[in-house]
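Q: I'm passing along work36.txt; it holds compact mmCIF, C-alpha atoms.
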# COMPACT_ATOMS: atom_id res chain seq x y z
CA ARG A 1 -68.03 9.49 6.83
CA TYR A 2 -65.30 11.64 5.33
CA ARG A 3 -66.29 14.60 3.18
CA ALA A 4 -64.56 15.45 -0.10
CA ASP A 5 -62.60 18.33 1.41
CA TRP A 6 -59.15 18.55 2.99
CA ALA A 7 -60.38 19.51 6.43
CA SER A 8 -62.27 16.24 6.70
CA LEU A 9 -59.79 14.02 4.82
CA ASP A 10 -56.75 15.30 6.72
CA ALA A 11 -58.43 14.35 10.00
CA ARG A 12 -58.40 10.64 9.14
CA PRO A 13 -56.05 8.73 11.46
CA LEU A 14 -53.18 7.06 9.63
CA PRO A 15 -53.56 3.25 9.77
CA ALA A 16 -51.11 2.04 12.40
CA TRP A 17 -49.32 -0.55 10.25
CA PHE A 18 -47.46 2.14 8.29
CA ASP A 19 -45.69 3.76 11.25
CA ARG A 20 -44.80 0.35 12.64
CA ALA A 21 -43.31 -0.82 9.32
CA LYS A 22 -40.52 1.81 9.10
CA VAL A 23 -38.66 0.21 6.17
CA GLY A 24 -39.83 -0.18 2.56
CA VAL A 25 -38.43 -0.82 -0.92
CA PHE A 26 -39.41 1.36 -3.89
CA VAL A 27 -39.31 -0.20 -7.40
CA HIS A 28 -39.19 2.04 -10.49
CA TRP A 29 -39.90 -0.18 -13.50
CA GLY A 30 -41.30 0.69 -16.89
CA VAL A 31 -40.54 1.26 -20.57
CA PHE A 32 -37.76 3.65 -19.48
CA ALA A 33 -35.78 0.49 -18.58
CA VAL A 34 -35.34 -0.18 -22.32
CA PRO A 35 -33.10 2.78 -23.20
CA ALA A 36 -31.78 2.43 -19.61
CA TRP A 37 -29.91 5.70 -19.90
CA GLY A 38 -30.15 9.08 -18.20
CA SER A 39 -33.10 8.39 -15.93
CA GLU A 40 -36.73 7.31 -15.84
CA TRP A 41 -37.50 10.75 -17.33
CA PHE A 42 -35.89 9.61 -20.59
CA TRP A 43 -38.91 10.34 -22.82
CA TRP A 44 -39.34 13.86 -21.44
CA HIS A 45 -35.65 14.76 -21.80
CA TRP A 46 -35.59 13.29 -25.32
CA ARG A 47 -38.88 14.53 -26.78
CA GLY A 48 -40.16 17.15 -24.33
CA GLU A 49 -36.90 19.07 -23.91
CA GLN A 50 -35.30 17.71 -27.12
CA ARG A 51 -31.92 17.46 -25.45
CA ALA A 52 -29.06 16.85 -27.89
CA ASP A 53 -27.38 14.19 -25.72
CA TYR A 54 -30.56 12.10 -25.74
CA GLU A 55 -30.96 12.55 -29.51
CA ARG A 56 -27.38 11.33 -30.01
CA PHE A 57 -27.96 8.37 -27.71
CA VAL A 58 -31.04 7.16 -29.60
CA ARG A 59 -29.35 7.70 -32.98
CA SER A 60 -26.36 5.63 -31.90
CA ARG A 61 -28.29 2.74 -30.35
CA PHE A 62 -31.59 2.37 -32.26
CA PRO A 63 -32.82 2.29 -35.87
CA PRO A 64 -33.65 5.56 -37.65
CA ALA A 65 -37.08 7.07 -36.93
CA THR A 66 -37.35 5.18 -33.63
CA THR A 67 -40.15 6.46 -31.40
CA TYR A 68 -40.61 5.95 -27.67
CA ALA A 69 -43.51 3.61 -28.40
CA ASP A 70 -41.04 1.35 -30.23
CA PHE A 71 -39.33 0.65 -26.90
CA ALA A 72 -42.40 -1.04 -25.40
CA PRO A 73 -42.06 -4.44 -27.19
CA ARG A 74 -38.47 -4.61 -25.88
CA PHE A 75 -39.70 -4.25 -22.30
CA SER A 76 -39.76 -8.03 -22.01
CA ALA A 77 -39.68 -8.92 -18.28
CA LEU A 78 -38.39 -12.31 -19.47
CA ASP A 79 -36.38 -12.84 -16.28
CA PHE A 80 -38.97 -11.39 -13.89
CA GLN A 81 -39.51 -13.82 -11.02
CA PRO A 82 -41.85 -12.13 -8.54
CA ARG A 83 -41.26 -14.72 -5.82
CA GLU A 84 -37.49 -14.14 -6.02
CA TRP A 85 -38.10 -10.40 -5.75
CA ALA A 86 -40.32 -10.95 -2.72
CA ARG A 87 -37.67 -13.15 -1.10
CA LEU A 88 -35.00 -10.50 -1.73
CA PHE A 89 -37.15 -7.73 -0.27
CA GLN A 90 -37.95 -9.89 2.74
CA ARG A 91 -34.24 -10.54 3.33
CA ALA A 92 -33.64 -6.79 2.97
CA GLY A 93 -35.90 -6.21 5.96
CA ALA A 94 -38.64 -4.44 3.97
CA ARG A 95 -42.06 -4.42 5.60
CA TYR A 96 -43.66 -2.83 2.53
CA VAL A 97 -42.89 -2.51 -1.18
CA VAL A 98 -44.07 0.20 -3.60
CA LEU A 99 -44.11 -0.63 -7.34
CA THR A 100 -44.61 1.88 -10.16
CA ALA A 101 -47.99 0.84 -11.54
CA LYS A 102 -47.73 3.79 -13.93
CA HIS A 103 -45.04 6.46 -14.28
CA HIS A 104 -45.34 9.78 -16.12
CA GLU A 105 -44.85 7.97 -19.46
CA GLY A 106 -48.38 6.56 -19.08
CA PHE A 107 -47.43 2.91 -19.66
CA THR A 108 -49.30 0.76 -17.15
CA ASN A 109 -47.76 -2.36 -15.59
CA TRP A 110 -51.18 -4.00 -15.54
CA GLY A 111 -53.89 -4.42 -18.18
CA SER A 112 -55.52 -1.03 -17.69
CA PRO A 113 -58.80 -0.94 -19.65
CA VAL A 114 -58.16 2.74 -20.51
CA SER A 115 -54.55 2.40 -21.64
CA TRP A 116 -55.15 0.61 -24.91
CA SER A 117 -52.04 -1.15 -26.29
CA TRP A 118 -49.87 0.92 -23.91
CA ASN A 119 -49.77 -1.58 -21.07
CA ALA A 120 -47.79 -4.63 -19.96
CA VAL A 121 -50.52 -7.12 -20.89
CA ASP A 122 -51.09 -5.95 -24.47
CA THR A 123 -47.41 -5.46 -25.36
CA GLY A 124 -43.92 -6.04 -23.99
CA PRO A 125 -44.12 -8.62 -21.17
CA HIS A 126 -47.72 -9.68 -21.92
CA ARG A 127 -48.01 -10.17 -18.18
CA ASP A 128 -49.82 -8.53 -15.29
CA LEU A 129 -46.74 -7.26 -13.47
CA VAL A 130 -48.74 -5.47 -10.77
CA GLY A 131 -50.80 -8.55 -9.98
CA GLU A 132 -47.93 -11.03 -10.04
CA LEU A 133 -45.72 -9.04 -7.69
CA GLY A 134 -48.66 -8.29 -5.42
CA GLN A 135 -49.46 -11.97 -4.98
CA ALA A 136 -45.82 -12.83 -4.24
CA LEU A 137 -45.52 -10.05 -1.66
CA ARG A 138 -48.76 -10.97 0.06
CA ASP A 139 -47.60 -14.59 0.26
CA SER A 140 -44.46 -13.26 1.97
CA ASN A 141 -46.45 -11.11 4.43
CA ILE A 142 -45.15 -7.85 2.96
CA SER A 143 -47.52 -4.90 2.52
CA TYR A 144 -48.03 -3.78 -1.09
CA GLY A 145 -48.05 -0.20 -2.32
CA LEU A 146 -48.67 1.12 -5.82
CA TYR A 147 -47.09 4.27 -7.25
CA HIS A 148 -49.37 6.04 -9.71
CA SER A 149 -48.70 9.23 -11.66
CA LEU A 150 -51.68 11.54 -12.04
CA LEU A 151 -50.25 13.16 -15.17
CA GLU A 152 -48.92 11.70 -18.44
CA TRP A 153 -46.42 13.86 -20.31
CA PHE A 154 -47.65 13.26 -23.84
CA ASN A 155 -51.21 11.99 -23.51
CA PRO A 156 -53.31 14.06 -25.98
CA LEU A 157 -56.19 14.32 -23.50
CA TYR A 158 -53.87 15.70 -20.83
CA LEU A 159 -52.23 18.12 -23.25
CA ALA A 160 -55.67 19.42 -24.32
CA ASP A 161 -56.71 19.94 -20.70
CA LYS A 162 -53.43 21.70 -20.03
CA GLU A 163 -53.98 23.94 -23.05
CA SER A 164 -57.35 24.94 -21.58
CA GLY A 165 -55.67 26.05 -18.37
CA PHE A 166 -57.09 22.91 -16.74
CA LYS A 167 -60.66 24.18 -17.21
CA THR A 168 -61.54 20.91 -18.98
CA GLN A 169 -61.10 17.50 -17.30
CA SER A 170 -61.24 14.97 -20.13
CA PHE A 171 -57.98 13.31 -19.07
CA VAL A 172 -59.03 13.02 -15.44
CA SER A 173 -62.47 11.57 -16.21
CA GLN A 174 -61.34 9.23 -18.99
CA LYS A 175 -57.89 8.15 -17.82
CA THR A 176 -56.58 9.09 -14.36
CA MET A 177 -59.61 8.37 -12.22
CA PRO A 178 -60.73 5.17 -14.00
CA GLU A 179 -57.21 3.80 -13.48
CA LEU A 180 -57.06 4.71 -9.81
CA TYR A 181 -60.43 3.09 -9.14
CA ASP A 182 -59.37 0.03 -11.18
CA LEU A 183 -56.13 -0.35 -9.21
CA VAL A 184 -57.95 -0.21 -5.89
CA LEU A 185 -60.80 -2.54 -6.84
CA ARG A 186 -58.58 -5.03 -8.62
CA TYR A 187 -55.50 -5.18 -6.37
CA LYS A 188 -56.66 -3.78 -3.02
CA PRO A 189 -53.32 -2.05 -2.29
CA ASP A 190 -52.17 -1.23 1.22
CA LEU A 191 -50.70 2.06 0.02
CA ILE A 192 -51.21 4.47 -2.88
CA TRP A 193 -48.10 6.52 -3.65
CA SER A 194 -49.44 9.38 -5.77
CA ASP A 195 -47.18 11.55 -7.95
CA GLY A 196 -47.35 13.79 -11.02
CA ASP A 197 -49.51 16.30 -9.18
CA TRP A 198 -47.49 19.47 -9.56
CA GLU A 199 -48.98 21.07 -12.68
CA ALA A 200 -52.64 21.34 -11.70
CA PRO A 201 -54.87 22.17 -8.71
CA GLU A 202 -57.10 19.79 -6.77
CA SER A 203 -60.13 21.16 -8.61
CA TYR A 204 -58.70 19.59 -11.78
CA TRP A 205 -57.56 16.27 -10.34
CA ASN A 206 -60.73 15.62 -8.26
CA SER A 207 -58.40 14.18 -5.65
CA THR A 208 -60.67 14.85 -2.69
CA SER A 209 -63.58 13.00 -4.29
CA PHE A 210 -61.41 9.97 -4.92
CA LEU A 211 -59.96 10.01 -1.41
CA ALA A 212 -63.43 10.33 0.15
CA TRP A 213 -64.49 7.20 -1.75
CA LEU A 214 -61.23 5.47 -0.80
CA TYR A 215 -61.73 6.19 2.91
CA ASN A 216 -65.50 5.63 3.02
CA ASP A 217 -66.48 2.92 0.57
CA SER A 218 -63.48 1.19 -1.00
CA PRO A 219 -62.49 -2.39 -0.10
CA VAL A 220 -59.38 -1.03 1.66
CA LYS A 221 -61.07 1.88 3.45
CA ASP A 222 -59.77 0.93 6.91
CA THR A 223 -56.23 -0.08 6.00
CA VAL A 224 -55.07 1.96 3.00
CA VAL A 225 -52.39 4.61 3.43
CA VAL A 226 -51.76 7.47 0.98
CA ASN A 227 -49.09 10.13 0.64
CA ASP A 228 -49.44 13.88 0.03
CA ARG A 229 -48.99 14.35 -3.75
CA TRP A 230 -52.59 14.98 -4.83
CA CYS A 231 -52.48 18.56 -6.18
CA ASN A 232 -50.05 21.35 -6.97
CA ASN A 233 -50.08 22.73 -3.40
CA CYS A 234 -50.75 19.52 -1.45
CA SER A 235 -47.23 18.33 -0.69
CA CYS A 236 -46.38 18.66 3.00
CA HIS A 237 -49.93 19.97 3.65
CA HIS A 238 -52.66 17.51 2.66
CA GLY A 239 -53.29 13.82 2.17
CA GLY A 240 -52.00 11.02 4.38
CA TYR A 241 -48.36 10.92 5.42
CA TYR A 242 -45.98 13.52 3.98
CA ASN A 243 -43.30 13.02 1.31
CA CYS A 244 -42.81 16.77 0.84
CA SER A 245 -40.11 16.27 -1.81
CA ASP A 246 -37.85 13.53 -3.13
CA LYS A 247 -35.11 12.57 -0.67
CA TYR A 248 -36.69 14.86 1.93
CA LYS A 249 -34.69 15.37 5.13
CA PRO A 250 -36.44 17.66 7.63
CA GLY A 251 -33.50 17.67 10.03
CA ALA A 252 -35.87 17.73 13.00
CA LEU A 253 -38.71 15.78 14.57
CA LEU A 254 -41.99 16.36 12.69
CA THR A 255 -45.40 16.21 14.33
CA HIS A 256 -46.91 14.65 11.17
CA LYS A 257 -45.96 11.20 9.91
CA TRP A 258 -43.58 11.38 6.96
CA GLU A 259 -41.47 9.22 4.67
CA MET A 260 -38.11 9.70 3.02
CA CYS A 261 -37.72 8.07 -0.37
CA SER A 262 -34.14 7.56 -1.47
CA SER A 263 -32.45 5.67 -4.30
CA ILE A 264 -29.38 3.41 -4.30
CA ASP A 265 -28.47 4.98 -7.65
CA LYS A 266 -27.99 8.61 -6.63
CA LEU A 267 -28.59 9.88 -10.18
CA SER A 268 -31.70 7.96 -11.19
CA TRP A 269 -34.73 6.05 -9.94
CA GLY A 270 -34.96 3.85 -13.03
CA TYR A 271 -32.22 1.42 -14.13
CA ARG A 272 -29.22 2.88 -15.99
CA SER A 273 -26.88 0.52 -17.81
CA ASN A 274 -24.00 3.02 -17.58
CA MET A 275 -24.03 3.70 -13.83
CA HIS A 276 -20.70 3.77 -11.98
CA ILE A 277 -20.01 2.42 -8.51
CA SER A 278 -19.15 5.94 -7.32
CA GLU A 279 -22.71 7.01 -8.18
CA LEU A 280 -24.29 4.45 -5.86
CA MET A 281 -25.01 4.72 -2.15
CA ASP A 282 -22.78 2.51 -0.03
CA GLU A 283 -23.98 0.45 2.93
CA ALA A 284 -22.91 3.03 5.51
CA SER A 285 -24.81 5.83 3.75
CA ILE A 286 -27.98 3.74 3.53
CA ILE A 287 -27.86 2.83 7.22
CA GLU A 288 -27.15 6.44 8.20
CA GLU A 289 -30.14 7.69 6.20
CA LEU A 290 -32.37 5.00 7.69
CA VAL A 291 -31.33 5.74 11.27
CA GLN A 292 -31.70 9.51 10.91
CA THR A 293 -35.10 9.12 9.25
CA VAL A 294 -36.52 6.80 11.90
CA SER A 295 -35.10 8.91 14.76
CA PHE A 296 -37.03 11.88 13.39
CA GLY A 297 -40.23 9.83 13.14
CA GLY A 298 -40.11 8.97 9.43
CA ASN A 299 -40.29 5.83 7.31
CA TYR A 300 -37.46 4.95 4.91
CA LEU A 301 -38.30 3.87 1.34
CA LEU A 302 -35.19 2.72 -0.56
CA ASN A 303 -35.41 2.49 -4.36
CA VAL A 304 -34.05 0.05 -6.93
CA GLY A 305 -34.60 0.07 -10.69
CA PRO A 306 -34.83 -3.35 -12.40
CA THR A 307 -33.65 -4.00 -15.96
CA LYS A 308 -36.05 -4.37 -18.87
CA GLU A 309 -35.81 -8.15 -18.40
CA GLY A 310 -36.87 -7.86 -14.77
CA VAL A 311 -33.48 -8.38 -13.12
CA ILE A 312 -32.51 -6.49 -9.97
CA VAL A 313 -28.80 -6.23 -10.71
CA PRO A 314 -26.36 -7.82 -8.24
CA ILE A 315 -24.97 -4.53 -6.90
CA PHE A 316 -28.51 -3.46 -5.89
CA GLN A 317 -29.13 -6.89 -4.38
CA GLU A 318 -25.89 -6.62 -2.41
CA ARG A 319 -26.92 -3.24 -0.97
CA LEU A 320 -30.38 -4.53 -0.02
CA LEU A 321 -28.98 -7.66 1.61
CA ALA A 322 -26.44 -5.60 3.57
CA LEU A 323 -29.30 -3.49 4.90
CA GLY A 324 -31.15 -6.67 5.81
CA ARG A 325 -28.17 -8.06 7.72
CA TRP A 326 -27.91 -4.84 9.70
CA LEU A 327 -31.62 -4.97 10.49
CA ASP A 328 -31.34 -8.62 11.56
CA THR A 329 -29.19 -7.35 14.44
CA ASN A 330 -30.50 -3.82 14.98
CA GLY A 331 -34.11 -4.06 13.82
CA GLU A 332 -35.36 -4.05 17.41
CA ALA A 333 -34.35 -0.37 17.54
CA ILE A 334 -36.10 0.39 14.23
CA TYR A 335 -39.33 -1.55 13.71
CA GLU A 336 -42.33 -0.33 15.75
CA SER A 337 -40.09 2.22 17.49
CA LYS A 338 -41.01 5.77 18.42
CA PRO A 339 -38.88 8.92 18.53
CA TRP A 340 -37.36 9.59 21.95
CA ARG A 341 -37.39 12.98 23.73
CA VAL A 342 -33.93 13.56 22.22
CA GLN A 343 -33.32 12.47 18.63
CA MET A 344 -29.56 12.92 18.34
CA GLU A 345 -26.49 13.95 20.31
CA ASN A 346 -25.50 17.34 18.96
CA SER A 347 -22.00 16.94 20.35
CA THR A 348 -21.18 14.02 18.06
CA ASN A 349 -23.82 13.92 15.28
CA SER A 350 -23.15 10.18 15.12
CA VAL A 351 -25.45 9.00 17.94
CA TRP A 352 -29.18 8.73 17.22
CA TYR A 353 -32.02 7.66 19.51
CA THR A 354 -35.23 5.67 19.18
CA SER A 355 -37.46 4.21 21.88
CA LYS A 356 -39.92 1.39 22.44
CA GLY A 357 -41.89 1.21 25.67
CA PRO A 358 -39.45 1.70 28.58
CA ALA A 359 -36.38 0.97 26.43
CA VAL A 360 -34.22 3.63 24.80
CA TYR A 361 -31.91 2.72 21.92
CA ALA A 362 -28.75 4.66 21.14
CA ILE A 363 -27.51 3.91 17.63
CA PHE A 364 -23.93 5.05 17.08
CA LEU A 365 -22.51 5.21 13.56
CA THR A 366 -18.79 5.39 14.41
CA TRP A 367 -16.97 3.34 17.03
CA PRO A 368 -15.88 5.73 19.80
CA GLN A 369 -12.29 6.42 20.77
CA ASP A 370 -11.03 4.16 23.57
CA SER A 371 -14.29 2.19 23.24
CA LEU A 372 -16.02 4.55 25.68
CA LEU A 373 -19.44 5.65 24.49
CA LYS A 374 -20.56 8.90 26.10
CA LEU A 375 -24.27 9.64 25.97
CA PRO A 376 -24.96 13.10 27.45
CA SER A 377 -28.77 12.96 27.17
CA PRO A 378 -29.96 9.89 29.15
CA VAL A 379 -30.53 10.37 32.88
CA ALA A 380 -29.71 7.04 34.55
CA SER A 381 -31.62 5.38 37.36
CA PRO A 382 -29.64 3.22 39.83
CA GLY A 383 -31.03 0.07 38.21
CA LEU A 384 -30.00 0.98 34.66
CA GLN A 385 -29.33 -2.04 32.44
CA VAL A 386 -27.23 -1.56 29.30
CA THR A 387 -26.90 -4.19 26.57
CA MET A 388 -25.70 -4.19 23.00
CA LEU A 389 -27.90 -5.63 20.26
CA GLY A 390 -26.27 -8.72 18.81
CA LEU A 391 -23.99 -9.21 21.82
CA ALA A 392 -24.77 -11.38 24.86
CA GLY A 393 -24.41 -10.02 28.37
CA ALA A 394 -24.64 -6.61 30.01
CA LEU A 395 -22.25 -3.71 29.47
CA GLU A 396 -20.61 -1.78 32.29
CA TRP A 397 -21.64 1.85 32.69
CA GLN A 398 -21.16 4.79 35.01
CA LYS A 399 -22.55 8.27 35.35
CA ALA A 400 -20.51 10.71 33.31
CA PRO A 401 -18.63 13.38 35.34
CA ASP A 402 -20.73 16.21 33.89
CA LYS A 403 -24.00 14.59 32.81
CA GLY A 404 -25.29 11.55 31.04
CA VAL A 405 -23.95 8.02 30.89
CA LEU A 406 -20.52 6.59 30.05
CA ILE A 407 -20.66 3.07 28.61
CA THR A 408 -17.69 0.71 28.34
CA LEU A 409 -17.84 -1.12 25.01
CA PRO A 410 -15.76 -4.11 23.89
CA CYS A 411 -12.24 -3.07 22.83
CA ALA A 412 -13.31 -3.31 19.19
CA PRO A 413 -16.55 -4.17 17.39
CA PRO A 414 -17.28 -7.86 18.08
CA SER A 415 -16.32 -10.00 15.08
CA ALA A 416 -19.95 -10.90 14.44
CA LEU A 417 -20.80 -7.19 14.20
CA SER A 418 -17.57 -5.78 12.80
CA ALA A 419 -18.67 -5.63 9.17
CA GLN A 420 -21.63 -3.36 9.82
CA PRO A 421 -21.36 0.42 10.08
CA GLY A 422 -23.65 1.18 13.01
CA TRP A 423 -24.23 -0.41 16.41
CA THR A 424 -26.99 -0.16 19.00
CA VAL A 425 -26.95 -0.07 22.78
CA LYS A 426 -30.21 -0.64 24.59
CA LEU A 427 -30.81 1.26 27.82
CA GLU A 428 -33.50 0.14 30.25
CA GLY A 429 -33.93 2.46 33.20
CA VAL A 430 -33.26 5.98 31.85
CA GLU A 431 -35.29 9.15 31.64
Would it be possible to restate this file's structure as structure tokens?
A:
Amino acid sequence: RYRADWASLDARPLPAWFDRAKVGVFVHWGVFAVPAWGSEWFWWHWRGEQRADYERFVRSRFPPATTYADFAPRFSALDFQPREWARLFQRAGARYVVLTAKHHEGFTNWGSPVSWSWNAVDTGPHRDLVGELGQALRDSNISYGLYHSLLEWFNPLYLADKESGFKTQSFVSQKTMPELYDLVLRYKPDLIWSDGDWEAPESYWNSTSFLAWLYNDSPVKDTVVVNDRWCNNCSCHHGGYYNCSDKYKPGALLTHKWEMCSSIDKLSWGYRSNMHISELMDEASIIEELVQTVSFGGNYLLNVGPTKEGVIVPIFQERLLALGRWLDTNGEAIYESKPWRVQMENSTNSVWYTSKGPAVYAIFLTWPQDSLLKLPSPVASPGLQVTMLGLAGALEWQKAPDKGVLITLPCAPPSALSAQPGWTVKLEGVE
């Protein structure tokens, strides 16, 4: 049994499904989708920081004396079709999906018994958004993760505990922990994506006690995966796999399992009605981030923010489907892969490696000059076989004059693969 201390909890092996999955979709959805402006931190920027641009925005769009609570009834989810979402995520190649069960605003996307009138069942959608999406994902064989913020910006219990220097724990005992236990017992998630940890120590959050129960006695004790955001000095040190920071790029192979979360909208995680195309990641950037992340041993969690009605806007769908098409061809080099002894070719910075059993995959992000792909790192055996994912037949190769392998590619990307930025050659018989 695991003890309620980091030495014991950190020794728990990570359930194998997470490393095999590699690709996930993050969904930031909440009352912040009603103003749909700035970011999902709308309430904090408006009322916590009292920023003038947010004051002007609310004055120009909403009736006088509007409060943040007034946004909740407009969070309608009228067009939310969980099975359509699940189908989209499946076509995007996602093996797991993480939904915001509760963001820092405190509004819960399920009928939390300790979030009276500030939840999706009592107001707004009048639906159990967490439960509905979870059922649709499970029916589609996609693992289900729940994002949960430990803190709530303006909860009076939290503010009182904060005022005490976190010597009192009323908020934790009456709100945070009851909700975490409720989420686990009710929905049996495959993953808990904790956040909102940065203001207080573990002694306040009681994180280790919860995790000991989760690993020892919960209904998901053998399968659940958690991240590292459980206290103000936990990130990159304690918990399950590491997030370290948003959009984290270590730039090297890590010994500990990690995940990069990224967002199609580069300026926000929640939906913004005024986003511009130049502020969104394009297909090539998404694929590049994915490939680099997996080569360094990480998982890639790509975020979309739905509208208040529950629509994933077409430009986000297009990006997800483009990723899925690329994975349809190149997924063999991604899913269930392991880092190779070399992660990238320093000479080009556009060739990245993964491996699976005896096979080594070289993923190149730009088509080489003269269609000759030089790979300095692989050491070829006489029986080396080289193929290209998505293309029938073997490719010709020779030992490079100095070192490595020189592969002759088609004169141009094959028409079936020409639209995608990124191609994969599979090498069987290299060291």
Q: To one decimal place in Å, what is the distance between atom CA of Glu152 of chain A and atom CA of Pro219 of chain A?
A: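 Answer for the atom CA of Glu152 of chain A to atom CA of Pro219 of chain A separation: 26.8 Å.
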Q: For a cut-off of 7 Å around (-46.0, 6.1, -21.3), file coordinates, pick out all residues using only C-alpha atoms and list them as a PyMOL selection string.
A: chain A and resi 104-107+118+152
Q: Would you mind listing what lies within 10 Å of Pro13 of chain A as a PDB file with C-alpha atoms, keeping the file's coordinate frame, with all atoms listed in the file counted and same-chain residues fewer than 6 positions away left out?
A:
ATOM      1  CA  ASP A 222     -59.770   0.930   6.910  1.00  0.00           C
ATOM      2  CA  VAL A 225     -52.390   4.610   3.430  1.00  0.00           C
ATOM      3  CA  GLY A 240     -52.000  11.020   4.380  1.00  0.00           C
TER       4      GLY A 240
END
Q: Which neighbours of Ser76 of chain A fall inside 6 Å, counting all atoms listed in the file, when residues of the same chain fewer than 4 positions from it are skipped, and could you give them as a list of chain:residue names?
A: A:Gly124, A:Pro125, A:Glu309
Q: In terms of the shortest atom-to-atom distance over all atoms listed in the file, which of A:Arg186, A:Lys426, A:His256, A:Arg138 is closest to Arg83 of chain A?
A: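 Of the candidates, the smallest distance to Arg83 of chain A is held by A:Arg138.
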Q: Measuring between all atoms listed in the file, which one of A:Val304, A:Leu129, A:Met275, A:Ala322 shows the shortest distance to Pro421 of chain A?
A: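 Of all the options, A:Ala322 lies closest to Pro421 of chain A.
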Q: Quick one: residues within 10 Å of (-32.0, 8.0, -29.8) (file frame), counting all atoms listed in the file, please, as a ChimeraX atom specification.
A: /A:35,46-47,52-68
Q: Write out as number ranges by chain each polymer residue whose atoms come within 7 Å of Gly324 of chain A, counting only C-alpha atoms; drop sequence neighbours fewer than 5 positions from it.
A: A: 91-93
Q: I'd like the neighbourhood of Ser418 of chain A as a list of chain:residue names, where a residue qualifies if any of its atoms comes within 12 Å (using all atoms listed in the file), though same-chain residues fewer than 3 positions away should be ignored.
A: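 Contacts, with the query itself left out: A:Arg325, A:Trp326, A:Thr329, A:Thr366, A:Trp367, A:Gly390, A:Leu391, A:Pro410, A:Cys411, A:Ala412, A:Pro413, A:Pro414, A:Ser415, A:Pro421, A:Gly422, A:Trp423.
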Q: Between A:Ala400, A:Leu191, A:Val379, A:Met177, which has the minimum distance to Pro113 of chain A (counting only C-alpha atoms)?
A: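 Between A:Ala400, A:Leu191, A:Val379, A:Met177, the residue approaching Pro113 of chain A most closely is A:Met177.
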Q: Just give me the gap between atom CA of Thr123 of chain A and atom CA of Val25 of chain A in Å, one decimal is fine.
A: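 Rounded to one decimal, the two atoms are 26.4 Å apart.
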Q: Which polymer residues have any atom within 7 Å of an atom of segment 194-200 of chain A, counting all atoms listed in the file, with same-chain residues fewer than 4 positions away left out, as an mmCIF file with C-alpha atoms, in the frame of the given file?
A:
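Saved as out17.cif:
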data_model
loop_
_atom_site.group_PDB
_atom_site.id
_atom_site.type_symbol
_atom_site.label_atom_id
_atom_site.label_comp_id
_atom_site.auth_asym_id
_atom_site.auth_seq_id
_atom_site.Cartn_x
_atom_site.Cartn_y
_atom_site.Cartn_z
ATOM 1 C CA HIS A 104 -45.340 9.780 -16.120
ATOM 2 C CA TYR A 147 -47.090 4.270 -7.250
ATOM 3 C CA HIS A 148 -49.370 6.040 -9.710
ATOM 4 C CA SER A 149 -48.700 9.230 -11.660
ATOM 5 C CA LEU A 150 -51.680 11.540 -12.040
ATOM 6 C CA LEU A 151 -50.250 13.160 -15.170
ATOM 7 C CA PHE A 166 -57.090 22.910 -16.740
ATOM 8 C CA TYR A 204 -58.700 19.590 -11.780
ATOM 9 C CA ASN A 227 -49.090 10.130 0.640
ATOM 10 C CA ARG A 229 -48.990 14.350 -3.750
ATOM 11 C CA TRP A 230 -52.590 14.980 -4.830
ATOM 12 C CA CYS A 231 -52.480 18.560 -6.180
ATOM 13 C CA ASN A 232 -50.050 21.350 -6.970
#
